[in-house]
Structure formats: structure tokens, C-alpha cells
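Raw contents of data_20.pdb, PDB, C-alpha atoms:
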MODEL        1
ATOM      1  CA  MET C  26       0.000   0.000   0.000
ATOM      2  CA  ALA C  27       2.827   2.414   0.835
ATOM      3  CA  TRP C  28       4.390   1.937  -2.594
ATOM      4  CA  ILE C  29       1.066   2.441  -4.342
ATOM      5  CA  ALA C  30       0.357   5.662  -2.444
ATOM      6  CA  ALA C  31       3.903   6.969  -2.926
ATOM      7  CA  GLY C  32       3.796   6.322  -6.662
ATOM      8  CA  TRP C  33       0.531   8.149  -7.248
ATOM      9  CA  LEU C  34       1.399  11.083  -4.985
ATOM     10  CA  ILE C  35       4.791  11.500  -6.651
ATOM     11  CA  ALA C  36       2.991  11.563  -9.999
ATOM     12  CA  PHE C  37       0.661  14.290  -8.696
ATOM     13  CA  ALA C  38       3.648  16.316  -7.493
ATOM     14  CA  GLY C  39       5.344  15.793 -10.842
ATOM     15  CA  VAL C  40       2.356  17.189 -12.727
ATOM     16  CA  ASN C  41       2.394  20.339 -10.597
ATOM     17  CA  ALA C  42       6.155  20.697 -11.018
ATOM     18  CA  ALA C  43       5.700  20.462 -14.791
ATOM     19  CA  LEU C  44       2.963  23.119 -14.644
ATOM     20  CA  TYR C  45       5.248  25.435 -12.695
ATOM     21  CA  ALA C  46       8.074  24.878 -15.170
ATOM     22  CA  ALA C  47       5.728  25.679 -18.058
ATOM     23  CA  TRP C  48       4.542  28.855 -16.317
ATOM     24  CA  TRP C  49       8.136  29.913 -15.610
ATOM     25  CA  ARG C  50       9.143  29.420 -19.240
ATOM     26  CA  ARG C  51       6.102  31.192 -20.702
ATOM     27  CA  THR C  52       6.453  34.254 -18.451
ATOM     28  CA  ARG C  53      10.184  34.758 -18.976
ATOM     29  CA  ASP C  54       9.750  37.902 -21.094
ATOM     30  CA  GLU C  55       7.139  39.298 -18.716
ATOM     31  CA  ARG C  56       9.405  38.840 -15.703
ATOM     32  CA  THR C  57      12.238  40.584 -17.566
ATOM     33  CA  PHE C  58       9.937  43.516 -18.345
ATOM     34  CA  LEU C  59       8.783  43.735 -14.723
ATOM     35  CA  LYS C  60      12.333  43.685 -13.421
ATOM     36  CA  ASP C  61      13.302  46.591 -15.672
ATOM     37  CA  VAL C  62      10.197  48.708 -15.125
ATOM     38  CA  LEU C  63      10.228  48.303 -11.355
ATOM     39  CA  ALA C  64      13.880  49.291 -11.244
ATOM     40  CA  ALA C  65      13.249  52.427 -13.338
ATOM     41  CA  GLY C  66       9.901  53.353 -11.776
ATOM     42  CA  VAL C  67       6.384  52.779 -13.078
ATOM     43  CA  ASP C  68       5.035  55.387 -15.483
ATOM     44  CA  PRO C  69       1.484  56.539 -14.507
ATOM     45  CA  ILE C  70       0.034  56.076 -17.999
ATOM     46  CA  GLN C  71       1.500  52.597 -18.293
ATOM     47  CA  ALA C  72       0.255  51.924 -14.770
ATOM     48  CA  ALA C  73      -3.235  53.058 -15.762
ATOM     49  CA  TRP C  74      -3.180  50.617 -18.678
ATOM     50  CA  TRP C  75      -2.491  47.740 -16.307
ATOM     51  CA  LEU C  76      -4.959  48.820 -13.596
ATOM     52  CA  GLY C  77      -7.851  49.177 -16.037
ATOM     53  CA  ALA C  78      -9.871  51.440 -13.727
ATOM     54  CA  SER C  79      -9.604  53.425 -10.523
ATOM     55  CA  TRP C  80     -11.169  50.664  -8.417
ATOM     56  CA  ASP C  81      -9.875  47.261  -7.387
ATOM     57  CA  GLY C  82     -11.099  44.239  -9.289
ATOM     58  CA  ALA C  83     -11.333  45.904 -12.714
ATOM     59  CA  SER C  84     -10.142  44.068 -15.804
ATOM     60  CA  PRO C  85      -6.536  45.001 -16.659
ATOM     61  CA  GLN C  86      -5.233  46.461 -19.914
ATOM     62  CA  GLN C  87      -8.081  48.945 -20.490
ATOM     63  CA  GLN C  88      -7.329  51.735 -22.968
ATOM     64  CA  GLY C  89     -10.075  53.976 -21.610
ATOM     65  CA  TYR C  90      -8.537  54.422 -18.176
ATOM     66  CA  ALA C  91      -5.113  55.104 -19.707
ATOM     67  CA  ALA C  92      -6.631  57.890 -21.826
ATOM     68  CA  GLN C  93      -8.419  59.337 -18.796
ATOM     69  CA  VAL C  94      -5.219  59.449 -16.755
ATOM     70  CA  ALA C  95      -3.352  61.112 -19.645
ATOM     71  CA  VAL C  96      -6.005  63.835 -19.832
ATOM     72  CA  ARG C  97      -6.079  64.283 -16.055
ATOM     73  CA  LEU C  98      -2.289  64.641 -15.956
ATOM     74  CA  LEU C  99      -2.496  67.263 -18.687
ATOM     75  CA  VAL C 100      -5.133  69.222 -16.770
ATOM     76  CA  LEU C 101      -3.158  68.911 -13.550
ATOM     77  CA  ALA C 102      -0.076  70.322 -15.302
ATOM     78  CA  GLY C 103      -2.111  73.348 -16.383
ATOM     79  CA  ASP C 104      -1.782  72.664 -20.114
ATOM     80  CA  ALA C 105      -5.458  71.832 -20.640
ATOM     81  CA  GLU C 106      -8.860  72.329 -19.049
ATOM     82  CA  VAL C 107     -12.145  70.459 -19.110
ATOM     83  CA  ASP C 108     -15.530  72.160 -18.824
ATOM     84  CA  GLU C 109     -18.726  70.920 -17.189
ATOM     85  CA  THR C 110     -19.823  69.198 -20.409
ATOM     86  CA  GLY C 111     -16.594  67.160 -20.598
ATOM     87  CA  ARG C 112     -15.032  69.123 -23.462
ATOM     88  CA  ILE C 113     -11.221  69.297 -23.271
ATOM     89  CA  THR C 114      -9.291  72.278 -24.612
ATOM     90  CA  VAL C 115      -5.692  73.475 -24.457
ATOM     91  CA  ARG C 116      -5.246  76.619 -22.375
ATOM     92  CA  ARG C 117      -4.666  79.794 -24.351
ATOM     93  CA  GLY C 118      -1.093  81.036 -24.243
ATOM     94  CA  ARG C 119       0.292  77.727 -23.009
ATOM     95  CA  LEU C 120       3.057  76.357 -25.191
ATOM     96  CA  GLY C 121       3.021  73.001 -23.424
ATOM     97  CA  THR C 122       5.978  71.429 -21.686
ATOM     98  CA  GLN C 123       5.021  67.786 -21.973
ATOM     99  CA  LYS C 124       8.000  65.561 -22.725
ATOM    100  CA  ASP C 125       6.025  62.345 -22.387
ATOM    101  CA  PRO C 126       5.149  61.060 -25.903
ATOM    102  CA  VAL C 127       1.542  60.279 -25.024
ATOM    103  CA  ARG C 128       0.848  63.646 -23.402
ATOM    104  CA  ALA C 129       2.712  65.470 -26.168
ATOM    105  CA  ALA C 130       0.563  63.670 -28.762
ATOM    106  CA  LEU C 131      -2.519  64.582 -26.741
ATOM    107  CA  VAL C 132      -1.571  68.285 -26.712
ATOM    108  CA  THR C 133      -1.054  68.209 -30.485
ATOM    109  CA  THR C 134      -4.416  66.486 -30.953
ATOM    110  CA  LEU C 135      -6.260  68.973 -28.759
ATOM    111  CA  ARG C 136      -4.744  71.934 -30.598
ATOM    112  CA  ARG C 137      -6.106  70.583 -33.878
ATOM    113  CA  HIS C 138      -9.477  69.534 -32.488
ATOM    114  CA  GLU C 139     -10.581  71.753 -29.613
ATOM    115  CA  GLY C 140     -13.535  70.721 -27.505
ATOM    116  CA  THR C 141     -12.789  67.019 -27.731
ATOM    117  CA  THR C 142     -14.058  64.475 -25.182
ATOM    118  CA  VAL C 143     -12.381  61.332 -23.877
ATOM    119  CA  TYR C 144     -15.070  59.288 -25.604
ATOM    120  CA  GLU C 145     -14.150  60.852 -28.956
ATOM    121  CA  LEU C 146     -10.448  60.289 -28.330
ATOM    122  CA  LEU C 147     -11.194  56.582 -27.983
ATOM    123  CA  GLU C 148     -13.804  56.168 -30.723
ATOM    124  CA  ASP C 149     -13.394  58.869 -33.396
ATOM    125  CA  SER C 150     -11.274  57.991 -36.440
ATOM    126  CA  ARG C 151      -9.700  61.459 -36.337
ATOM    127  CA  PHE C 152      -7.750  60.425 -33.239
ATOM    128  CA  ALA C 153      -6.344  57.129 -34.514
ATOM    129  CA  ARG C 154      -2.808  58.507 -34.323
ATOM    130  CA  PHE C 155      -3.202  59.398 -30.658
ATOM    131  CA  ARG C 156      -4.580  55.935 -29.899
ATOM    132  CA  LYS C 157      -1.586  54.379 -31.658
ATOM    133  CA  VAL C 158       0.803  56.324 -29.417
ATOM    134  CA  LEU C 159      -1.303  55.414 -26.381
ATOM    135  CA  ARG C 160      -1.208  51.702 -27.228
ATOM    136  CA  SER C 161       2.582  51.831 -27.354
ATOM    137  CA  ARG C 162       2.518  52.205 -23.551
ATOM    138  CA  ARG C 163       0.500  49.046 -22.980
ATOM    139  CA  PRO C 164       2.476  46.702 -20.694
ATOM    140  CA  PRO C 165       3.429  43.445 -22.473
ATOM    141  CA  LEU C 166       1.723  41.325 -19.830
ATOM    142  CA  ARG C 167      -1.035  38.745 -19.981
ATOM    143  CA  SER C 168      -4.363  39.822 -18.480
ATOM    144  CA  MET C 169      -5.284  36.473 -16.917
ATOM    145  CA  PHE C 170      -3.253  33.891 -15.050
ATOM    146  CA  GLY C 171      -4.208  30.878 -17.157
ATOM    147  CA  THR C 172      -5.637  27.371 -16.759
ATOM    148  CA  TYR C 173      -3.027  25.999 -14.351
ATOM    149  CA  ARG C 174      -5.501  25.483 -11.505
ATOM    150  CA  THR C 175      -7.893  23.552 -13.764
ATOM    151  CA  ARG C 176      -5.114  21.225 -14.858
ATOM    152  CA  SER C 177      -3.927  20.694 -11.306
ATOM    153  CA  LEU C 178      -7.474  19.935 -10.131
ATOM    154  CA  THR C 179      -7.809  17.392 -12.931
ATOM    155  CA  ALA C 180      -4.554  15.791 -11.834
ATOM    156  CA  ALA C 181      -5.883  15.667  -8.254
ATOM    157  CA  LEU C 182      -9.033  13.871  -9.394
ATOM    158  CA  VAL C 183      -7.100  11.352 -11.482
ATOM    159  CA  THR C 184      -4.625  10.743  -8.634
ATOM    160  CA  ALA C 185      -7.294  10.166  -5.978
ATOM    161  CA  PHE C 186      -9.415   7.883  -8.146
ATOM    162  CA  GLY C 187      -6.439   6.043  -9.638
ATOM    163  CA  LEU C 188      -4.803   5.463  -6.244
ATOM    164  CA  SER C 189      -8.029   4.104  -4.782
ATOM    165  CA  LEU C 190      -8.727   1.866  -7.767
ATOM    166  CA  HIS C 191      -5.160   0.570  -7.750
ATOM    167  CA  ALA C 192      -5.352  -0.213  -4.015
ATOM    168  CA  MET C 193      -8.717  -1.945  -4.411
ATOM    169  CA  ILE C 194      -7.448  -4.129  -7.258
ATOM    170  CA  ALA C 195      -4.378  -5.002  -5.179
ATOM    171  CA  ARG C 196      -6.738  -5.946  -2.292
ATOM    172  CA  CYS C 197      -5.070  -3.506   0.080
ATOM    173  CA  PRO C 198      -7.034  -2.779   3.258
ATOM    174  CA  VAL C 199      -8.055   0.812   3.885
ATOM    175  CA  PRO C 200      -5.379   2.256   6.231
ATOM    176  CA  VAL C 201      -7.815   4.428   8.187
ATOM    177  CA  PRO C 202      -8.237   3.559  11.868
ATOM    178  CA  GLY C 203     -11.729   3.611  13.312
ATOM    179  CA  LEU C 204     -13.577   2.343  10.247
ATOM    180  CA  PRO C 205     -16.092  -0.432  10.971
ATOM    181  CA  SER C 206     -14.595  -2.429   8.136
ATOM    182  CA  ARG C 207     -11.186  -2.374   6.448
ATOM    183  CA  ASP C 208     -12.490  -4.262   3.443
ATOM    184  CA  PRO C 209     -10.792  -3.202   0.159
ATOM    185  CA  GLY C 210     -14.213  -2.373  -1.250
ATOM    186  CA  MET C 211     -14.240   0.699   1.011
ATOM    187  CA  TRP C 212     -11.869   2.340  -1.465
ATOM    188  CA  THR C 213     -14.907   3.133  -3.626
ATOM    189  CA  THR C 214     -15.827   5.707  -0.957
ATOM    190  CA  VAL C 215     -12.467   6.664   0.536
ATOM    191  CA  TRP C 216     -11.227   8.190  -2.737
ATOM    192  CA  ILE C 217     -13.648  11.121  -2.337
ATOM    193  CA  PRO C 218     -12.073  12.669   0.818
ATOM    194  CA  LEU C 219      -8.650  11.886  -0.654
ATOM    195  CA  TRP C 220      -9.583  13.885  -3.729
ATOM    196  CA  ALA C 221     -10.810  16.753  -1.495
ATOM    197  CA  VAL C 222      -7.398  16.948   0.196
ATOM    198  CA  LEU C 223      -5.512  16.942  -3.100
ATOM    199  CA  ALA C 224      -7.933  19.482  -4.584
ATOM    200  CA  ALA C 225      -7.214  21.838  -1.696
ATOM    201  CA  LEU C 226      -3.519  21.653  -2.595
ATOM    202  CA  ALA C 227      -4.315  22.242  -6.280
ATOM    203  CA  ALA C 228      -6.355  25.332  -5.358
ATOM    204  CA  ILE C 229      -3.115  27.069  -4.375
ATOM    205  CA  TRP C 230      -2.851  27.867  -8.077
ATOM    206  CA  PRO C 231      -4.728  31.128  -8.863
ATOM    207  CA  ALA C 232      -7.989  30.968 -10.785
ATOM    208  CA  ARG C 233      -7.860  31.168 -14.566
ATOM    209  CA  THR C 234      -9.224  34.737 -14.666
ATOM    210  CA  ALA C 235      -7.139  36.020 -11.753
ATOM    211  CA  ARG C 236      -4.967  39.059 -12.417
ATOM    212  CA  PRO C 237      -1.279  38.039 -12.339
ATOM    213  CA  TRP C 238       1.667  40.025 -10.985
ATOM    214  CA  PRO C 239       0.179  41.453  -7.754
ATOM    215  CA  ARG C 240       3.364  43.284  -6.795
ATOM    216  CA  PHE C 241       3.325  45.186 -10.079
ATOM    217  CA  THR C 242      -0.340  46.011  -9.504
ATOM    218  CA  ARG C 243       0.486  47.577  -6.149
ATOM    219  CA  HIS C 244       3.280  49.637  -7.699
ATOM    220  CA  CYS C 245       0.927  50.793 -10.463
ATOM    221  CA  ARG C 246      -1.735  51.891  -7.988
ATOM    222  CA  ALA C 247       0.858  53.849  -6.019
ATOM    223  CA  ALA C 248       2.254  55.463  -9.198
ATOM    224  CA  VAL C 249      -1.170  56.722 -10.321
ATOM    225  CA  ASN C 250      -1.993  57.990  -6.845
ATOM    226  CA  ARG C 251       1.274  59.930  -6.642
ATOM    227  CA  ALA C 252       0.902  61.429 -10.116
ATOM    228  CA  LEU C 253      -2.667  62.623  -9.451
ATOM    229  CA  ALA C 254      -2.185  63.602  -5.808
ATOM    230  CA  GLY C 255      -2.934  67.289  -6.459
ATOM    231  CA  GLU C 256      -6.056  66.717  -8.548
ATOM    232  CA  ASP C 257      -9.422  68.087  -7.419
ATOM    233  CA  SER C 258     -12.579  65.967  -7.376
ATOM    234  CA  ILE C 259     -14.362  68.183  -9.935
ATOM    235  CA  THR C 260     -11.750  67.526 -12.609
ATOM    236  CA  ARG C 261     -11.768  63.817 -11.804
ATOM    237  CA  HIS C 262     -15.537  63.663 -12.198
ATOM    238  CA  ARG C 263     -15.583  65.668 -15.422
ATOM    239  CA  VAL C 264     -12.936  63.487 -17.070
ATOM    240  CA  ALA C 265     -13.792  60.058 -15.674
ATOM    241  CA  VAL C 266     -17.589  60.358 -15.825
ATOM    242  CA  VAL C 267     -18.825  63.195 -18.036
ATOM    243  CA  SER C 268     -16.174  63.288 -20.769
ATOM    244  CA  SER C 269     -15.902  59.481 -20.979
ATOM    245  CA  SER C 270     -19.618  58.843 -21.434
ATOM    246  CA  THR C 271     -21.338  58.444 -24.777
ATOM    247  CA  PRO C 272     -22.786  61.612 -26.345
ATOM    248  CA  SER C 273     -26.345  60.555 -25.521
ATOM    249  CA  ASP C 274     -25.431  60.144 -21.848
ATOM    250  CA  ARG C 275     -23.862  63.572 -21.412
ATOM    251  CA  ARG C 276     -25.852  66.496 -20.079
ATOM    252  CA  THR C 277     -27.994  68.273 -22.657
ATOM    253  CA  PRO C 278     -29.807  71.597 -22.229
ATOM    254  CA  PRO C 279     -33.493  71.374 -21.306
ATOM    255  CA  ARG C 280     -35.646  71.369 -24.409
ATOM    256  CA  THR C 281     -39.266  71.027 -25.365
ATOM    257  CA  THR C 282     -40.444  68.641 -28.024
ATOM    258  CA  SER C 283     -43.738  70.406 -28.647
ATOM    259  CA  SER C 284     -44.247  72.592 -31.712
ATOM    260  CA  ARG C 285     -46.802  74.792 -29.903
ATOM    261  CA  PRO C 286     -46.157  78.521 -29.531
ATOM    262  CA  ALA C 287     -44.393  79.651 -26.386
ATOM    263  CA  ASP C 288     -47.601  81.067 -24.903
ATOM    264  CA  SER C 289     -49.621  77.940 -25.686
ATOM    265  CA  PRO C 290     -49.855  75.435 -22.800
ATOM    266  CA  SER C 291     -49.063  71.797 -23.421
ATOM    267  CA  ARG C 292     -51.458  69.005 -22.565
ATOM    268  CA  SER C 293     -50.066  68.743 -19.070
ATOM    269  CA  GLY C 294     -50.017  72.508 -18.620
ATOM    270  CA  ARG C 295     -46.183  72.705 -18.435
ATOM    271  CA  THR C 296     -43.023  71.571 -20.160
ATOM    272  CA  THR C 297     -40.900  69.095 -18.242
ATOM    273  CA  PRO C 298     -37.135  69.441 -18.756
ATOM    274  CA  ARG C 299     -35.051  66.359 -19.354
ATOM    275  CA  HIS C 300     -32.689  65.231 -16.614
ATOM    276  CA  ASP C 301     -29.817  62.900 -17.334
ATOM    277  CA  LEU C 302     -29.474  59.955 -15.002
ATOM    278  CA  ASP C 303     -25.750  60.676 -14.791
ATOM    279  CA  ASP C 304     -26.550  63.833 -12.814
ATOM    280  CA  THR C 305     -27.228  61.651  -9.815
ATOM    281  CA  ALA C 306     -24.200  59.393 -10.237
ATOM    282  CA  ASP C 307     -21.602  59.347  -7.547
ATOM    283  CA  SER C 308     -18.497  61.097  -8.793
ATOM    284  CA  ASP C 309     -16.197  59.596  -6.195
ATOM    285  CA  THR C 310     -13.708  57.101  -7.594
ATOM    286  CA  HIS C 311     -11.277  55.125  -5.504
ATOM    287  CA  ASP C 312      -7.638  55.360  -6.464
ATOM    288  CA  GLY C 313      -6.369  53.665  -3.328
ATOM    289  CA  GLY C 314      -5.980  50.032  -2.366
ATOM    290  CA  SER C 315      -3.859  47.161  -3.532
ATOM    291  CA  ASP C 316      -4.226  43.969  -5.399
ATOM    292  CA  SER C 317      -5.588  40.901  -3.687
ATOM    293  CA  GLY C 318      -2.131  39.354  -3.693
ATOM    294  CA  ASP C 319      -2.964  36.322  -5.796
ATOM    295  CA  PHE C 320      -0.192  33.907  -6.746
ATOM    296  CA  GLY C 321       1.393  34.288 -10.119
ATOM    297  CA  GLY C 322       3.366  37.468  -9.912
ATOM    298  CA  GLY C 323       6.686  35.745  -9.831
ATOM    299  CA  ASP C 324       7.911  38.734  -7.899
TER     300      ASP C 324
ENDMDL
END
Write out the structure in this file as C-alpha cells.
Amino acid sequence: MAWIAAGWLIAFAGVNAALYAAWWRRTRDERTFLKDVLAAGVDPIQAAWWLGASWDGASPQQQGYAAQVAVRLLVLAGDAEVDETGRITVRRGRLGTQKDPVRAALVTTLRRHEGTTVYELLEDSRFARFRKVLRSRRPPLRSMFGTYRTRSLTAALVTAFGLSLHAMIARCPVPVPGLPSRDPGMWTTVWIPLWAVLAALAAIWPARTARPWPRFTRHCRAAVNRALAGEDSITRHRVAVVSSSTPSDRRTPPRTTSSRPADSPSRSGRTTPRHDLDDTADSDTHDGGSDSGDFGGGD
């Protein structure tokens, strides 16, 4: 029985060792990138790409949040301003001192197309060049950890069932004290708790959709917070909420749809102005916090 158990458990350990070796080989370039960028310091726009949003748990590698941070940095530097409708313009008389390629491209874009919104920067074909420069700052990292946990759980199931079947065929008694019977047929039931134990070990692998590289995530959050430390909440709301929404969602002036003369009452006796649902949205976004610390960062 000892040899049977040792053989199957060594096989289970070997599968997990092979999975780790495969992960190590496939993430070699990513670990090299992380080593270099952490040594030099994380750029806030590149950090925004990886974070995906200002709150924890967002999907990484989101272009929209990177564009928002670029605009907010430009406003914070005094080279641009955003009005209550989300329109972004370059300040008059400002030559612009942006050395960062993305922010420099943004200044050039805004000079050519004043009154642009973040939504238009991301969707309008006129701003394809800016989006190309923005995409050049996307970290070369995978967004999800991968299927390593699923494979390890499968190996746990095969190990538990195979060990029990092997022991039952070899007529080995169940080595569990306290059972009413140590008949080899008990292996048909004992394999289930054995699988539960091995599955708990396999669950050490992060889930398939888990965000990898938690240490880099924490550095990115800190980099964005530092870069936007002097920003006011009004600017944050105008850029992140108003300017980033679709045109139909942005505030529009009250208007009447009736063709009656101004002194002619409507059926209800008055004209009701439209109110956008976004007027009641909470403008507070959370730039603090850290990643959940899932395995897979390799750091």
C-alpha cells in the first residue's frame, strides 16, 4: 500500500512541477519587463493601462482608463482644461511642456481639435494617431493567469481515483483507523475525501481569470496615486464620468419637443425638462488600495 500511495502522490507532485516549469518558461519575457520597469519606476500612464480602472477588481489592460489618466495629468499640469460638459481644450497662451510622448501627442491632438471628449479620443477615427501612441505604452503582460488550476485539479481527481482503484485491485485494506470495516471495497468511498485533500492543494494555483503580478499592480496603484495627488474631485468627475460617457449620456440643455407657440400650454399645462441619469451618479472614484495578492506574480 505504501508503494502504491507513494507512486501516485509523486505523480501528482510531478504534474504540478511540470505546470510550474511551463509557467516559468512562458512568463520569462514578462518577468524581464517587470524587473526593468520596477527598477526604473512605473510610469502613470503605463500603470493606468495595467490597472484598467480606478477601483480594485477591474479588468486590466483597459485603454479607456489610460486615456483618462493622460487627460487628467495634462489638466493637472495646467496645459489643458475640461468644462462641465466634458469638453477638453488646451489653455490659451500655453506652449506646453510635456516631454512624455503620449501627453505630447494629446496636446497636439487637442490643438487641432478643440472641444474634444475622452469618448471621442477613444472612438473617433480622427484620433487614430493618438490611440496608436497610447497603445505603445500598454504593458506586455497577460491579463489572466491561465488554466493551471484547472489542470492541477484534474490531476488531483485522477490521482485520488487512480490510487483508490489501484489499491482496491491489489486488495489492500483501507489504512484508516476507526472504520467499521477495512475491506478493500471501502476504497470506492475513501477516494472522495482523498480527492478533497488533493484538490485543496491544487487550489493554491490562482484561478484562470485572476490578475497576475500582484506586486506590479500595487506599484501601479501607487504610481497613479502619486501622479494625481494634487487633482481636485471636480476635474476627476468631469474626465472620468462626463467626458468618458457616450454623447447621448452627457448632459444636454433642457428642451421642449412640442411645436406649440411659447404662450400655448401643453397638454399637461407645463413643459418638463429632461434630466440625465448621470446627474445623480456618484463622482467619487477610488484610487487607493492594492491587489488581492494572488499567486502568479513571480515577484
Expand the PyMOL selection byres ((chain C and resi 171) around 7) into the explicit residue set it covers here, and present it as a ChimeraX atom specification.
/C:169-170,172-173,233-234
Explicit residues for the PyMOL selection byres ((chain C and resi 156) around 9) (as a PyMOL selection string):
chain C and resi 88+92+127+146-147+152-155+157-161
Check what the PyMOL selection byres ((chain C and resi 186) around 9) selects in the file above and give those residues as a list in words.
Ala181, Leu182, Val183, Thr184, Ala185, Gly187, Leu188, Ser189, Leu190, His191, Thr213, Trp216, Ile217, Leu219 and Trp220 of chain C
Using the selection just defined, write its residues with C-alpha atoms as a JSON list (two decimals), in the coordinates of the input.
[["chain", "number", "residue", "atom", "x", "y", "z"],
["C", 181, "ALA", "CA", -5.88, 15.67, -8.25],
["C", 182, "LEU", "CA", -9.03, 13.87, -9.39],
["C", 183, "VAL", "CA", -7.10, 11.35, -11.48],
["C", 184, "THR", "CA", -4.62, 10.74, -8.63],
["C", 185, "ALA", "CA", -7.29, 10.17, -5.98],
["C", 187, "GLY", "CA", -6.44, 6.04, -9.64],
["C", 188, "LEU", "CA", -4.80, 5.46, -6.24],
["C", 189, "SER", "CA", -8.03, 4.10, -4.78],
["C", 190, "LEU", "CA", -8.73, 1.87, -7.77],
["C", 191, "HIS", "CA", -5.16, 0.57, -7.75],
["C", 213, "THR", "CA", -14.91, 3.13, -3.63],
["C", 216, "TRP", "CA", -11.23, 8.19, -2.74],
["C", 217, "ILE", "CA", -13.65, 11.12, -2.34],
["C", 219, "LEU", "CA", -8.65, 11.89, -0.65],
["C", 220, "TRP", "CA", -9.58, 13.88, -3.73]]
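One distance worth recording is that between atom CA of Met193 of chain C and atom CA of Trp212 of chain C, which is 6.1 Å.
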Could you tell me how far atom CA of Thr57 of chain C lies from atom CA of Pro69 of chain C, in Å and to one decimal?
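It comes out at 19.5 Å.
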Using all atoms listed in the file, find the one residue out of C:Tyr144, C:Leu223, C:Leu98, C:Arg163 that sits nearest to Ala254 of chain C.
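That would be C:Leu98, the residue with the smallest distance to Ala254 of chain C.
One distance worth recording is that between atom CA of Gly39 of chain C and atom CA of Arg51 of chain C, which is 18.3 Å.
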Taking into account all atoms listed in the file, which residue in the set C:Ala228, C:Ala72, C:Ala30, C:Ala195 is nearest to Ala247 of chain C?
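Smallest separation from Ala247 of chain C among the options: C:Ala72.
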Neighbours of Glu139 of chain C within 9 Å (only C-alpha atoms; same-chain residues fewer than 4 positions away dropped), as a tab-separated table (two decimals) with C-alpha atoms, in the frame of the given file?
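Contents of the output file selection13.tsv:
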chain	number	residue	atom	x	y	z
C	112	ARG	CA	-15.03	69.12	-23.46
C	113	ILE	CA	-11.22	69.30	-23.27
C	114	THR	CA	-9.29	72.28	-24.61
C	115	VAL	CA	-5.69	73.47	-24.46
C	134	THR	CA	-4.42	66.49	-30.95
C	135	LEU	CA	-6.26	68.97	-28.76
Which residue, C:Arg56, C:Arg128, C:Arg117, C:Arg151, has the smallest gap to Val94 of chain C when you use only C-alpha atoms?
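Using only C-alpha atoms, Val94 of chain C sits closest to C:Arg128.
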Using all atoms listed in the file: which of C:Thr110, C:Ile229, C:Ala31, C:Val249 has the shortest distance to Thr141 of chain C:
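Ranking C:Thr110, C:Ile229, C:Ala31, C:Val249 by distance to Thr141 of chain C, first place goes to C:Thr110.
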Each side padded by 3 Å, which centre and which edge lengths in Å (one decimal) define the axis-aligned box around the listed atoms of segment 163-173 of chain C? Give them as AutoDock Vina command-line options.
--center_x -1.1 --center_y 37.5 --center_z -18.7 --size_x 15.1 --size_y 29.0 --size_z 14.6
